[in-house]
$ cat structure08.pdb   # PDB, C-alpha atoms and all ligand atoms
ATOM      1  CA  MET A1254      83.975 128.438  83.732  1.00  0.00           C
ATOM      2  CA  THR A1255      81.833 130.564  86.011  1.00  0.00           C
ATOM      3  CA  GLU A1256      81.262 129.420  89.571  1.00  0.00           C
ATOM      4  CA  GLN A1257      77.606 128.770  88.791  1.00  0.00           C
ATOM      5  CA  SER A1258      78.280 126.585  85.786  1.00  0.00           C
ATOM      6  CA  TYR A1259      81.018 124.706  87.647  1.00  0.00           C
ATOM      7  CA  ILE A1260      78.513 123.887  90.360  1.00  0.00           C
ATOM      8  CA  SER A1261      75.770 122.750  88.028  1.00  0.00           C
ATOM      9  CA  GLU A1262      78.169 120.747  85.837  1.00  0.00           C
ATOM     10  CA  ARG A1263      79.581 118.988  88.846  1.00  0.00           C
ATOM     11  CA  LYS A1264      76.132 118.224  90.250  1.00  0.00           C
ATOM     12  CA  LYS A1265      75.088 116.757  86.931  1.00  0.00           C
ATOM     13  CA  MET A1266      78.228 114.627  86.879  1.00  0.00           C
ATOM     14  CA  ILE A1267      77.575 113.379  90.415  1.00  0.00           C
ATOM     15  CA  GLU A1268      74.053 112.395  89.432  1.00  0.00           C
ATOM     16  CA  GLU A1269      75.227 110.459  86.376  1.00  0.00           C
ATOM     17  CA  ASN A1270      78.084 108.824  88.269  1.00  0.00           C
ATOM     18  CA  LEU A1271      75.855 107.770  91.131  1.00  0.00           C
ATOM     19  CA  LYS A1272      73.429 106.167  88.713  1.00  0.00           C
ATOM     20  CA  ALA A1273      76.261 104.328  86.936  1.00  0.00           C
ATOM     21  CA  VAL A1274      77.808 103.098  90.206  1.00  0.00           C
ATOM     22  CA  ARG A1275      74.445 101.836  91.419  1.00  0.00           C
ATOM     23  CA  ASN A1276      73.945  99.990  88.137  1.00  0.00           C
ATOM     24  CA  ASP A1277      77.399  98.435  88.383  1.00  0.00           C
ATOM     25  CA  ILE A1278      76.765  97.356  91.960  1.00  0.00           C
ATOM     26  CA  ALA A1279      73.474  95.735  90.987  1.00  0.00           C
ATOM     27  CA  GLU A1280      75.045  94.031  87.991  1.00  0.00           C
ATOM     28  CA  SER A1281      77.966  92.706  90.049  1.00  0.00           C
ATOM     29  CA  ALA A1282      75.636  91.424  92.738  1.00  0.00           C
ATOM     30  CA  ILE A1283      73.369  89.654  90.272  1.00  0.00           C
ATOM     31  CA  LYS A1284      76.317  88.168  88.390  1.00  0.00           C
ATOM     32  CA  SER A1285      77.606  86.549  91.554  1.00  0.00           C
ATOM     33  CA  GLY A1286      74.168  85.358  92.630  1.00  0.00           C
ATOM     34  CA  ARG A1287      73.816  87.832  95.454  1.00  0.00           C
ATOM     35  CA  ASP A1288      70.885  89.883  96.583  1.00  0.00           C
ATOM     36  CA  VAL A1289      71.389  93.516  95.516  1.00  0.00           C
ATOM     37  CA  SER A1290      70.013  94.709  98.852  1.00  0.00           C
ATOM     38  CA  ASP A1291      72.892  92.934 100.656  1.00  0.00           C
ATOM     39  CA  VAL A1292      75.448  95.332  99.186  1.00  0.00           C
ATOM     40  CA  HIS A1293      75.437  98.822 100.675  1.00  0.00           C
ATOM     41  CA  LEU A1294      76.951 101.828  98.961  1.00  0.00           C
ATOM     42  CA  MET A1295      78.994 104.324 100.933  1.00  0.00           C
ATOM     43  CA  ALA A1296      79.692 107.631  99.208  1.00  0.00           C
ATOM     44  CA  VAL A1297      83.205 108.585 100.307  1.00  0.00           C
ATOM     45  CA  THR A1298      83.070 112.332 100.763  1.00  0.00           C
ATOM     46  CA  LYS A1299      86.593 113.249 101.859  1.00  0.00           C
ATOM     47  CA  THR A1300      87.684 116.552 100.288  1.00  0.00           C
ATOM     48  CA  VAL A1301      84.171 117.005  98.874  1.00  0.00           C
ATOM     49  CA  GLU A1302      82.408 120.252  99.796  1.00  0.00           C
ATOM     50  CA  PRO A1303      79.098 120.074 101.688  1.00  0.00           C
ATOM     51  CA  GLN A1304      77.013 121.379  98.763  1.00  0.00           C
ATOM     52  CA  PHE A1305      78.071 118.386  96.664  1.00  0.00           C
ATOM     53  CA  ILE A1306      77.663 115.927  99.510  1.00  0.00           C
ATOM     54  CA  ASN A1307      74.159 117.304 100.003  1.00  0.00           C
ATOM     55  CA  HIS A1308      73.493 116.798  96.320  1.00  0.00           C
ATOM     56  CA  ALA A1309      74.419 113.118  96.638  1.00  0.00           C
ATOM     57  CA  LEU A1310      72.202 112.862  99.728  1.00  0.00           C
ATOM     58  CA  SER A1311      69.324 114.440  97.825  1.00  0.00           C
ATOM     59  CA  LEU A1312      69.777 111.734  95.177  1.00  0.00           C
ATOM     60  CA  GLY A1313      69.240 109.039  97.753  1.00  0.00           C
ATOM     61  CA  ALA A1314      72.741 108.351  99.050  1.00  0.00           C
ATOM     62  CA  THR A1315      72.239 107.504 102.718  1.00  0.00           C
ATOM     63  CA  LEU A1316      75.706 106.595 103.933  1.00  0.00           C
ATOM     64  CA  ILE A1317      78.830 108.743 103.758  1.00  0.00           C
ATOM     65  CA  GLY A1318      82.429 108.029 104.733  1.00  0.00           C
ATOM     66  CA  GLU A1319      85.104 110.458 105.853  1.00  0.00           C
ATOM     67  CA  ASN A1320      88.708 109.695 106.714  1.00  0.00           C
ATOM     68  CA  LYS A1321      89.638 112.687 108.875  1.00  0.00           C
ATOM     69  CA  VAL A1322      88.035 113.647 112.169  1.00  0.00           C
ATOM     70  CA  GLN A1323      88.594 117.381 111.823  1.00  0.00           C
ATOM     71  CA  GLU A1324      87.369 117.572 108.266  1.00  0.00           C
ATOM     72  CA  TYR A1325      84.220 115.626 109.059  1.00  0.00           C
ATOM     73  CA  LEU A1326      83.355 117.657 112.142  1.00  0.00           C
ATOM     74  CA  SER A1327      83.831 120.906 110.257  1.00  0.00           C
ATOM     75  CA  LYS A1328      81.415 119.810 107.506  1.00  0.00           C
ATOM     76  CA  LYS A1329      78.865 117.890 109.570  1.00  0.00           C
ATOM     77  CA  SER A1330      76.579 120.760 110.553  1.00  0.00           C
ATOM     78  CA  GLU A1331      76.229 121.809 106.910  1.00  0.00           C
ATOM     79  CA  LEU A1332      74.948 118.420 105.773  1.00  0.00           C
ATOM     80  CA  SER A1333      71.261 117.744 105.170  1.00  0.00           C
ATOM     81  CA  VAL A1334      69.953 115.213 107.625  1.00  0.00           C
ATOM     82  CA  PRO A1335      69.293 112.362 107.874  1.00  0.00           C
ATOM     83  CA  PHE A1336      72.338 110.389 106.849  1.00  0.00           C
ATOM     84  CA  GLU A1337      74.599 107.753 108.302  1.00  0.00           C
ATOM     85  CA  ALA A1338      78.325 108.500 108.589  1.00  0.00           C
ATOM     86  CA  HIS A1339      81.300 106.221 109.139  1.00  0.00           C
ATOM     87  CA  LEU A1340      84.898 107.094 109.888  1.00  0.00           C
ATOM     88  CA  ILE A1341      87.148 105.177 107.494  1.00  0.00           C
ATOM     89  CA  GLY A1342      90.586 106.715 108.119  1.00  0.00           C
ATOM     90  CA  HIS A1343      93.277 105.924 110.672  1.00  0.00           C
ATOM     91  CA  LEU A1344      92.334 107.366 114.044  1.00  0.00           C
ATOM     92  CA  GLN A1345      94.809 108.835 116.519  1.00  0.00           C
ATOM     93  CA  THR A1346      94.256 108.329 120.220  1.00  0.00           C
ATOM     94  CA  ASN A1347      93.996 112.043 120.925  1.00  0.00           C
ATOM     95  CA  LYS A1348      91.159 112.430 118.386  1.00  0.00           C
ATOM     96  CA  VAL A1349      88.973 109.643 119.777  1.00  0.00           C
ATOM     97  CA  ARG A1350      87.154 111.849 122.254  1.00  0.00           C
ATOM     98  CA  GLN A1351      86.067 114.192 119.450  1.00  0.00           C
ATOM     99  CA  ILE A1352      84.686 111.528 117.125  1.00  0.00           C
ATOM    100  CA  VAL A1353      82.941 109.144 119.537  1.00  0.00           C
ATOM    101  CA  GLY A1354      79.197 109.783 119.317  1.00  0.00           C
ATOM    102  CA  GLU A1355      79.600 111.805 116.116  1.00  0.00           C
ATOM    103  CA  VAL A1356      79.619 108.898 113.641  1.00  0.00           C
ATOM    104  CA  ASP A1357      77.571 105.709 113.420  1.00  0.00           C
ATOM    105  CA  VAL A1358      80.491 103.354 112.883  1.00  0.00           C
ATOM    106  CA  ILE A1359      84.250 103.675 113.243  1.00  0.00           C
ATOM    107  CA  GLN A1360      85.484 101.309 110.522  1.00  0.00           C
ATOM    108  CA  SER A1361      89.196 101.891 110.900  1.00  0.00           C
ATOM    109  CA  VAL A1362      90.003 100.357 114.287  1.00  0.00           C
ATOM    110  CA  ASP A1363      93.540  99.083 113.797  1.00  0.00           C
ATOM    111  CA  SER A1364      94.901  98.477 117.308  1.00  0.00           C
ATOM    112  CA  VAL A1365      93.760  97.229 120.698  1.00  0.00           C
ATOM    113  CA  LYS A1366      94.863 100.553 122.148  1.00  0.00           C
ATOM    114  CA  ILE A1367      92.528 102.573 119.938  1.00  0.00           C
ATOM    115  CA  ALA A1368      89.674 100.126 120.624  1.00  0.00           C
ATOM    116  CA  LYS A1369      90.192 100.617 124.371  1.00  0.00           C
ATOM    117  CA  GLU A1370      90.167 104.386 124.001  1.00  0.00           C
ATOM    118  CA  ILE A1371      86.953 104.284 121.933  1.00  0.00           C
ATOM    119  CA  GLY A1372      85.414 102.074 124.620  1.00  0.00           C
ATOM    120  CA  LYS A1373      86.502 104.402 127.380  1.00  0.00           C
ATOM    121  CA  GLN A1374      85.206 107.563 125.704  1.00  0.00           C
ATOM    122  CA  SER A1375      81.950 105.823 124.745  1.00  0.00           C
ATOM    123  CA  GLU A1376      81.286 104.728 128.314  1.00  0.00           C
ATOM    124  CA  LYS A1377      81.953 108.266 129.482  1.00  0.00           C
ATOM    125  CA  ILE A1378      79.045 109.550 127.385  1.00  0.00           C
ATOM    126  CA  GLY A1379      76.895 106.488 127.987  1.00  0.00           C
ATOM    127  CA  ILE A1380      76.896 104.935 124.530  1.00  0.00           C
ATOM    128  CA  THR A1381      78.129 101.770 122.845  1.00  0.00           C
ATOM    129  CA  SER A1382      80.118 102.507 119.700  1.00  0.00           C
ATOM    130  CA  ASP A1383      79.880 100.229 116.690  1.00  0.00           C
ATOM    131  CA  ILE A1384      83.270  99.460 115.217  1.00  0.00           C
ATOM    132  CA  LEU A1385      84.860  97.417 112.453  1.00  0.00           C
ATOM    133  CA  LEU A1386      88.344  96.009 112.723  1.00  0.00           C
ATOM    134  CA  GLU A1387      90.683  96.893 109.883  1.00  0.00           C
ATOM    135  CA  VAL A1388      92.666  94.048 108.381  1.00  0.00           C
ATOM    136  CA  ASN A1389      95.883  94.633 106.469  1.00  0.00           C
ATOM    137  CA  ILE A1390      95.089  91.768 104.143  1.00  0.00           C
ATOM    138  CA  GLY A1391      97.996  92.376 101.785  1.00  0.00           C
ATOM    139  CA  GLY A1392     100.630  92.585 104.531  1.00  0.00           C
ATOM    140  CA  ASP A1393     101.403  96.044 103.179  1.00  0.00           C
ATOM    141  CA  GLU A1394     104.042  97.834 105.283  1.00  0.00           C
ATOM    142  CA  ASN A1395     102.493 101.232 104.573  1.00  0.00           C
ATOM    143  CA  LYS A1396      99.040 100.233 105.664  1.00  0.00           C
ATOM    144  CA  PHE A1397      97.283 100.142 108.989  1.00  0.00           C
ATOM    145  CA  GLY A1398      95.396  97.145 110.277  1.00  0.00           C
ATOM    146  CA  PHE A1399      95.687  93.806 111.976  1.00  0.00           C
ATOM    147  CA  THR A1400      97.460  91.011 110.152  1.00  0.00           C
ATOM    148  CA  PRO A1401      95.349  88.106 108.883  1.00  0.00           C
ATOM    149  CA  GLU A1402      97.292  85.866 111.267  1.00  0.00           C
ATOM    150  CA  GLU A1403      96.398  87.849 114.393  1.00  0.00           C
ATOM    151  CA  ILE A1404      92.899  89.086 113.595  1.00  0.00           C
ATOM    152  CA  THR A1405      90.939  86.235 115.166  1.00  0.00           C
ATOM    153  CA  GLU A1406      92.785  86.492 118.449  1.00  0.00           C
ATOM    154  CA  LYS A1407      92.341  90.290 118.393  1.00  0.00           C
ATOM    155  CA  VAL A1408      88.591  89.921 117.875  1.00  0.00           C
ATOM    156  CA  TYR A1409      88.477  87.825 121.051  1.00  0.00           C
ATOM    157  CA  GLU A1410      90.527  90.406 122.929  1.00  0.00           C
ATOM    158  CA  ILE A1411      88.629  93.469 121.690  1.00  0.00           C
ATOM    159  CA  SER A1412      85.225  91.837 122.196  1.00  0.00           C
ATOM    160  CA  GLU A1413      85.919  91.987 125.949  1.00  0.00           C
ATOM    161  CA  ILE A1414      86.223  95.783 125.959  1.00  0.00           C
ATOM    162  CA  GLN A1415      83.218  97.669 127.359  1.00  0.00           C
ATOM    163  CA  GLY A1416      81.613 100.490 125.378  1.00  0.00           C
ATOM    164  CA  ILE A1417      82.183  99.044 121.913  1.00  0.00           C
ATOM    165  CA  ARG A1418      80.608  96.402 119.728  1.00  0.00           C
ATOM    166  CA  ILE A1419      82.401  94.759 116.800  1.00  0.00           C
ATOM    167  CA  GLN A1420      80.164  94.750 113.724  1.00  0.00           C
ATOM    168  CA  GLY A1421      82.564  93.321 111.160  1.00  0.00           C
ATOM    169  CA  LEU A1422      85.764  93.815 109.233  1.00  0.00           C
ATOM    170  CA  MET A1423      87.126  96.325 106.739  1.00  0.00           C
ATOM    171  CA  THR A1424      90.122  96.303 104.445  1.00  0.00           C
ATOM    172  CA  VAL A1425      92.036  98.331 101.896  1.00  0.00           C
ATOM    173  CA  PRO A1426      94.051  95.958  99.703  1.00  0.00           C
ATOM    174  CA  PRO A1427      97.435  96.997  98.242  1.00  0.00           C
ATOM    175  CA  PHE A1428      96.966  99.475  95.378  1.00  0.00           C
ATOM    176  CA  ASP A1429      99.723  98.503  93.030  1.00  0.00           C
ATOM    177  CA  VAL A1430      98.656  95.003  92.102  1.00  0.00           C
ATOM    178  CA  GLU A1431      96.661  93.606  89.226  1.00  0.00           C
ATOM    179  CA  ILE A1432      92.955  93.328  89.689  1.00  0.00           C
ATOM    180  CA  GLU A1433      93.071  89.520  89.759  1.00  0.00           C
ATOM    181  CA  LYS A1434      95.480  89.633  92.700  1.00  0.00           C
ATOM    182  CA  THR A1435      93.197  92.090  94.454  1.00  0.00           C
ATOM    183  CA  ARG A1436      90.431  89.572  94.034  1.00  0.00           C
ATOM    184  CA  ILE A1437      92.479  86.991  95.957  1.00  0.00           C
ATOM    185  CA  PHE A1438      92.866  89.465  98.834  1.00  0.00           C
ATOM    186  CA  PHE A1439      89.100  89.955  98.881  1.00  0.00           C
ATOM    187  CA  SER A1440      88.554  86.238  98.821  1.00  0.00           C
ATOM    188  CA  ASN A1441      90.940  85.831 101.786  1.00  0.00           C
ATOM    189  CA  MET A1442      88.974  88.509 103.635  1.00  0.00           C
ATOM    190  CA  ARG A1443      85.743  86.672 102.978  1.00  0.00           C
ATOM    191  CA  GLN A1444      87.241  83.505 104.425  1.00  0.00           C
ATOM    192  CA  LEU A1445      88.409  85.319 107.567  1.00  0.00           C
ATOM    193  CA  PHE A1446      84.985  86.898 107.907  1.00  0.00           C
ATOM    194  CA  ILE A1447      83.251  83.519 107.682  1.00  0.00           C
ATOM    195  CA  ASP A1448      85.713  81.806 110.042  1.00  0.00           C
ATOM    196  CA  ILE A1449      85.335  84.507 112.694  1.00  0.00           C
ATOM    197  CA  SER A1450      81.586  84.578 112.244  1.00  0.00           C
ATOM    198  CA  ASP A1451      81.425  80.801 112.793  1.00  0.00           C
ATOM    199  CA  LYS A1452      83.106  81.190 116.181  1.00  0.00           C
ATOM    200  CA  LYS A1453      80.108  83.166 117.437  1.00  0.00           C
ATOM    201  CA  ILE A1454      82.254  85.368 119.628  1.00  0.00           C
ATOM    202  CA  HIS A1455      80.532  87.182 122.484  1.00  0.00           C
ATOM    203  CA  ASN A1456      79.571  90.826 121.799  1.00  0.00           C
ATOM    204  CA  THR A1457      80.586  90.447 118.154  1.00  0.00           C
ATOM    205  CA  ASN A1458      78.346  90.579 115.063  1.00  0.00           C
ATOM    206  CA  MET A1459      79.956  89.714 111.781  1.00  0.00           C
ATOM    207  CA  GLU A1460      77.433  91.867 109.888  1.00  0.00           C
ATOM    208  CA  ILE A1461      79.587  94.137 107.774  1.00  0.00           C
ATOM    209  CA  LEU A1462      82.381  93.182 105.403  1.00  0.00           C
ATOM    210  CA  SER A1463      83.594  96.564 104.171  1.00  0.00           C
ATOM    211  CA  MET A1464      85.740  96.228 101.046  1.00  0.00           C
ATOM    212  CA  GLY A1465      85.876  97.602  97.531  1.00  0.00           C
ATOM    213  CA  MET A1466      86.605 101.136  96.289  1.00  0.00           C
ATOM    214  CA  SER A1467      86.121 102.892  92.933  1.00  0.00           C
ATOM    215  CA  GLY A1468      88.603 100.699  91.097  1.00  0.00           C
ATOM    216  CA  ASP A1469      87.727  97.328  92.537  1.00  0.00           C
ATOM    217  CA  PHE A1470      84.220  97.273  94.007  1.00  0.00           C
ATOM    218  CA  ARG A1471      83.007  94.818  91.365  1.00  0.00           C
ATOM    219  CA  GLN A1472      85.591  92.243  92.435  1.00  0.00           C
ATOM    220  CA  ALA A1473      84.854  92.947  96.104  1.00  0.00           C
ATOM    221  CA  ILE A1474      81.148  92.296  95.570  1.00  0.00           C
ATOM    222  CA  ALA A1475      81.940  89.044  93.772  1.00  0.00           C
ATOM    223  CA  GLU A1476      83.863  88.031  96.905  1.00  0.00           C
ATOM    224  CA  GLY A1477      81.145  88.889  99.390  1.00  0.00           C
ATOM    225  CA  SER A1478      81.540  92.568 100.271  1.00  0.00           C
ATOM    226  CA  THR A1479      78.482  93.957 102.050  1.00  0.00           C
ATOM    227  CA  LEU A1480      79.636  97.580 101.928  1.00  0.00           C
ATOM    228  CA  VAL A1481      81.583  99.272  99.148  1.00  0.00           C
ATOM    229  CA  ARG A1482      83.295 102.613  99.771  1.00  0.00           C
ATOM    230  CA  VAL A1483      83.203 104.674  96.592  1.00  0.00           C
ATOM    231  CA  GLY A1484      84.626 108.192  96.256  1.00  0.00           C
ATOM    232  CA  THR A1485      86.217 108.990  92.903  1.00  0.00           C
ATOM    233  CA  ALA A1486      83.661 107.105  90.814  1.00  0.00           C
ATOM    234  CA  ILE A1487      80.912 109.291  92.298  1.00  0.00           C
ATOM    235  CA  PHE A1488      82.479 112.708  92.925  1.00  0.00           C
ATOM    236  CA  GLY A1489      85.286 112.672  90.362  1.00  0.00           C
ATOM    237  CA  SER A1490      89.002 112.817  90.978  1.00  0.00           C
ATOM    238  CA  ARG A1491      89.998 114.478  94.239  1.00  0.00           C
ATOM    239  CA  TYR A1492      92.780 116.273  92.330  1.00  0.00           C
ATOM    240  CA  TYR A1493      90.210 118.451  90.610  1.00  0.00           C
ATOM    241  CA  ASN A1494      88.685 119.877  93.742  1.00  0.00           C
ATOM    242  CA  ARG A1495      88.786 123.627  93.816  1.00  0.00           C
TER     243      ARG A1495
HETATM  244  C1  LIG B   1      89.398 107.442  99.928  1.00  0.00           C
HETATM  245  C2  LIG B   1      88.966 106.133 100.435  1.00  0.00           C
HETATM  246  C3  LIG B   1      88.044 105.344  99.715  1.00  0.00           C
HETATM  247  C4  LIG B   1      87.468 105.754  98.371  1.00  0.00           C
HETATM  248  O1  LIG B   1      88.441 105.651  97.370  1.00  0.00           O
HETATM  249  P1  LIG B   1      88.081 105.876  95.825  1.00  0.00           P
HETATM  250  O2  LIG B   1      89.160 105.176  95.102  1.00  0.00           O
HETATM  251  O3  LIG B   1      88.091 107.346  95.606  1.00  0.00           O
HETATM  252  O4  LIG B   1      86.753 105.281  95.587  1.00  0.00           O
HETATM  253  C5  LIG B   1      87.653 104.150 100.278  1.00  0.00           C
HETATM  254  N1  LIG B   1      88.142 103.712 101.461  1.00  0.00           N
HETATM  255  C6  LIG B   1      89.026 104.437 102.163  1.00  0.00           C
HETATM  256  C7  LIG B   1      89.512 103.904 103.459  1.00  0.00           C
HETATM  257  C8  LIG B   1      89.467 105.666 101.680  1.00  0.00           C
HETATM  258  O5  LIG B   1      90.351 106.375 102.394  1.00  0.00           O
END
$ encode --input "structure08.pdb" --output "structure tokens" --more "lines below"
Ligand SMILES: *Cc1c(COP(=O)(O)O)cnc(C)c1O
Amino acid sequence: MTEQSYISERKKMIEENLKAVRNDIAESAIKSGRDVSDVHLMAVTKTVEPQFINHALSLGATLIGENKVQEYLSKKSELSVPFEAHLIGHLQTNKVRQIVGEVDVIQSVDSVKIAKEIGKQSEKIGITSDILLEVNIGGDENKFGFTPEEITEKVYEISEIQGIRIQGLMTVPPFDVEIEKTRIFFSNMRQLFIDISDKKIHNTNMEILSMGMSGDFRQAIAEGSTLVRVGTAIFGSRYYNR
């Protein structure tokens, strides 16, 4: 395949995929009696080249997600504005200074230490950073995030930190389980989200419940997700990137 035909084929595929994902989101929302406008679509653009991200943006995608600080910063200037960007990957303390102020939300806050560092760097540049707290809902040893048992107490603790504002929760459930089990994890997340929201904790908005990826966003929407993070189902398998 020539470079030119690869590019146009892939753009066509992105357009079709995006349409299909949007339809599925709408269908899932309606089926569970939810308002379609309450479910936001994030196009996960990790490993995707700027020309294809820009294509998705030109088709009306407004929110992108990246999991690596360096990769995002290296692509950012090539992206067509305006768009909203969230960091969704584990963040190391030494990278915080580089990402604060560069994204709209840091979704992957998984320790009090990282929350403090985000607060500190945000205050330094005079901003308040919106964050989500990541919950390891499946108790998966290989995953980052607060445990369901500790999350409420951590929300109280982190809400006291200056320079940040908690806007909700995010999760990545264990991969290797049946879809019905995944649904239980999502349902547990929804319950946590509601319980924490009911406590009306100072400096904390339970606005965003970020859950659901290419393989399970339908189940996540049925369980109350307000933001689905979809990569593969839009851009194709990351293994085929050139
Ligand atoms: C890669 C990634 C996604 C998207 O996964 P797909 O299965 O490709 O849709 C969503 N959330 C996080 C945190 C990711 O790292």
$ resolve_selection --input "structure08.pdb" --expression "the PyMOL selection byres (((chain A and resi 1369-1376) around 10) and not hetatm)" --output "PyMOL selection string"
chain A and resi 1345-1354+1359+1362+1364-1368+1377-1384+1411+1413-1418
$ axis_aligned_box --input "structure08.pdb" --around "ligand LIG 1 (chain B)" --padding-each-side "8 Å" --output "lines of an AutoDock Vina configuration file"
center_x = 88.6
center_y = 105.6
center_z = 99.3
size_x = 19.6
size_y = 19.7
size_z = 24.4
$ residues_near_ligand --input "structure08.pdb" --ligand "ligand LIG 1 (chain B)" --cutoff "10 Å" --atoms "all atoms listed in the file" --output "PyMOL selection string"
chain A and resi 1295-1300+1318-1321+1340-1343+1360-1361+1387+1423-1426+1428+1463-1470+1481-1491
$ write_last_selection --input "structure08.pdb" --atoms "C-alpha atoms" --output "mmCIF file, in the coordinates of the input"
data_model
loop_
_atom_site.group_PDB
_atom_site.id
_atom_site.type_symbol
_atom_site.label_atom_id
_atom_site.label_comp_id
_atom_site.auth_asym_id
_atom_site.auth_seq_id
_atom_site.Cartn_x
_atom_site.Cartn_y
_atom_site.Cartn_z
ATOM 1 C CA MET A 1295 78.994 104.324 100.933
ATOM 2 C CA ALA A 1296 79.692 107.631 99.208
ATOM 3 C CA VAL A 1297 83.205 108.585 100.307
ATOM 4 C CA THR A 1298 83.070 112.332 100.763
ATOM 5 C CA LYS A 1299 86.593 113.249 101.859
ATOM 6 C CA THR A 1300 87.684 116.552 100.288
ATOM 7 C CA GLY A 1318 82.429 108.029 104.733
ATOM 8 C CA GLU A 1319 85.104 110.458 105.853
ATOM 9 C CA ASN A 1320 88.708 109.695 106.714
ATOM 10 C CA LYS A 1321 89.638 112.687 108.875
ATOM 11 C CA LEU A 1340 84.898 107.094 109.888
ATOM 12 C CA ILE A 1341 87.148 105.177 107.494
ATOM 13 C CA GLY A 1342 90.586 106.715 108.119
ATOM 14 C CA HIS A 1343 93.277 105.924 110.672
ATOM 15 C CA GLN A 1360 85.484 101.309 110.522
ATOM 16 C CA SER A 1361 89.196 101.891 110.900
ATOM 17 C CA GLU A 1387 90.683 96.893 109.883
ATOM 18 C CA MET A 1423 87.126 96.325 106.739
ATOM 19 C CA THR A 1424 90.122 96.303 104.445
ATOM 20 C CA VAL A 1425 92.036 98.331 101.896
ATOM 21 C CA PRO A 1426 94.051 95.958 99.703
ATOM 22 C CA PHE A 1428 96.966 99.475 95.378
ATOM 23 C CA SER A 1463 83.594 96.564 104.171
ATOM 24 C CA MET A 1464 85.740 96.228 101.046
ATOM 25 C CA GLY A 1465 85.876 97.602 97.531
ATOM 26 C CA MET A 1466 86.605 101.136 96.289
ATOM 27 C CA SER A 1467 86.121 102.892 92.933
ATOM 28 C CA GLY A 1468 88.603 100.699 91.097
ATOM 29 C CA ASP A 1469 87.727 97.328 92.537
ATOM 30 C CA PHE A 1470 84.220 97.273 94.007
ATOM 31 C CA VAL A 1481 81.583 99.272 99.148
ATOM 32 C CA ARG A 1482 83.295 102.613 99.771
ATOM 33 C CA VAL A 1483 83.203 104.674 96.592
ATOM 34 C CA GLY A 1484 84.626 108.192 96.256
ATOM 35 C CA THR A 1485 86.217 108.990 92.903
ATOM 36 C CA ALA A 1486 83.661 107.105 90.814
ATOM 37 C CA ILE A 1487 80.912 109.291 92.298
ATOM 38 C CA PHE A 1488 82.479 112.708 92.925
ATOM 39 C CA GLY A 1489 85.286 112.672 90.362
ATOM 40 C CA SER A 1490 89.002 112.817 90.978
ATOM 41 C CA ARG A 1491 89.998 114.478 94.239
#
$ atom_distance --input "structure08.pdb" --atom1 "CA of Ile1267 (chain A)" --atom2 "CA of Ile1461 (chain A)"
26.0 Å
$ closest_residue --input "structure08.pdb" --among "A:Met1254, A:Ala1475, A:Ile1454, A:Leu1332" --to "Pro1303 (chain A)" --atoms "only C-alpha atoms"
A:Leu1332
$ residues_around --input "structure08.pdb" --residues "Leu1480 (chain A)" --least-positions-apart "5" --cutoff "6 Å" --atoms "all atoms listed in the file" --output "VMD selection string"
chain A and resid 1292 to 1294 1463
$ write_last_selection --input "structure08.pdb" --atoms "C-alpha atoms" --output "PDB file, in the coordinates of the input"
ATOM      1  CA  VAL A1292      75.448  95.332  99.186  1.00  0.00           C
ATOM      2  CA  HIS A1293      75.437  98.822 100.675  1.00  0.00           C
ATOM      3  CA  LEU A1294      76.951 101.828  98.961  1.00  0.00           C
ATOM      4  CA  SER A1463      83.594  96.564 104.171  1.00  0.00           C
TER       5      SER A1463
END
$ resolve_selection --input "structure08.pdb" --expression "the PyMOL selection byres (((chain A and resi 1442) around 9) and not hetatm)" --output "MDAnalysis selection string"
chainID A and resid 1388 1390 1401 1422:1424 1437:1441 1443:1447 1462 1464 1476:1477
$ write_last_selection --input "structure08.pdb" --atoms "C-alpha atoms" --output "CSV table (one decimal), in the frame of the given file"
chain,number,residue,atom,x,y,z
A,1388,VAL,CA,92.7,94.0,108.4
A,1390,ILE,CA,95.1,91.8,104.1
A,1401,PRO,CA,95.3,88.1,108.9
A,1422,LEU,CA,85.8,93.8,109.2
A,1423,MET,CA,87.1,96.3,106.7
A,1424,THR,CA,90.1,96.3,104.4
A,1437,ILE,CA,92.5,87.0,96.0
A,1438,PHE,CA,92.9,89.5,98.8
A,1439,PHE,CA,89.1,90.0,98.9
A,1440,SER,CA,88.6,86.2,98.8
A,1441,ASN,CA,90.9,85.8,101.8
A,1443,ARG,CA,85.7,86.7,103.0
A,1444,GLN,CA,87.2,83.5,104.4
A,1445,LEU,CA,88.4,85.3,107.6
A,1446,PHE,CA,85.0,86.9,107.9
A,1447,ILE,CA,83.3,83.5,107.7
A,1462,LEU,CA,82.4,93.2,105.4
A,1464,MET,CA,85.7,96.2,101.0
A,1476,GLU,CA,83.9,88.0,96.9
A,1477,GLY,CA,81.1,88.9,99.4
$ atom_distance --input "structure08.pdb" --atom1 "CA of Ser1290 (chain A)" --atom2 "CA of Gln1304 (chain A)"
27.6 Å
$ resolve_selection --input "structure08.pdb" --expression "the PyMOL selection byres (((chain A and resi 1269-1283) around 7) and not hetatm)" --output "PDB file with C-alpha atoms, keeping the file's coordinate frame"
ATOM      1  CA  LYS A1265      75.088 116.757  86.931  1.00  0.00           C
ATOM      2  CA  MET A1266      78.228 114.627  86.879  1.00  0.00           C
ATOM      3  CA  ILE A1267      77.575 113.379  90.415  1.00  0.00           C
ATOM      4  CA  GLU A1268      74.053 112.395  89.432  1.00  0.00           C
ATOM      5  CA  LYS A1284      76.317  88.168  88.390  1.00  0.00           C
ATOM      6  CA  SER A1285      77.606  86.549  91.554  1.00  0.00           C
ATOM      7  CA  GLY A1286      74.168  85.358  92.630  1.00  0.00           C
ATOM      8  CA  ARG A1287      73.816  87.832  95.454  1.00  0.00           C
ATOM      9  CA  ASP A1288      70.885  89.883  96.583  1.00  0.00           C
ATOM     10  CA  VAL A1289      71.389  93.516  95.516  1.00  0.00           C
ATOM     11  CA  ARG A1471      83.007  94.818  91.365  1.00  0.00           C
ATOM     12  CA  ILE A1474      81.148  92.296  95.570  1.00  0.00           C
ATOM     13  CA  ALA A1475      81.940  89.044  93.772  1.00  0.00           C
ATOM     14  CA  ALA A1486      83.661 107.105  90.814  1.00  0.00           C
ATOM     15  CA  ILE A1487      80.912 109.291  92.298  1.00  0.00           C
TER      16      ILE A1487
END
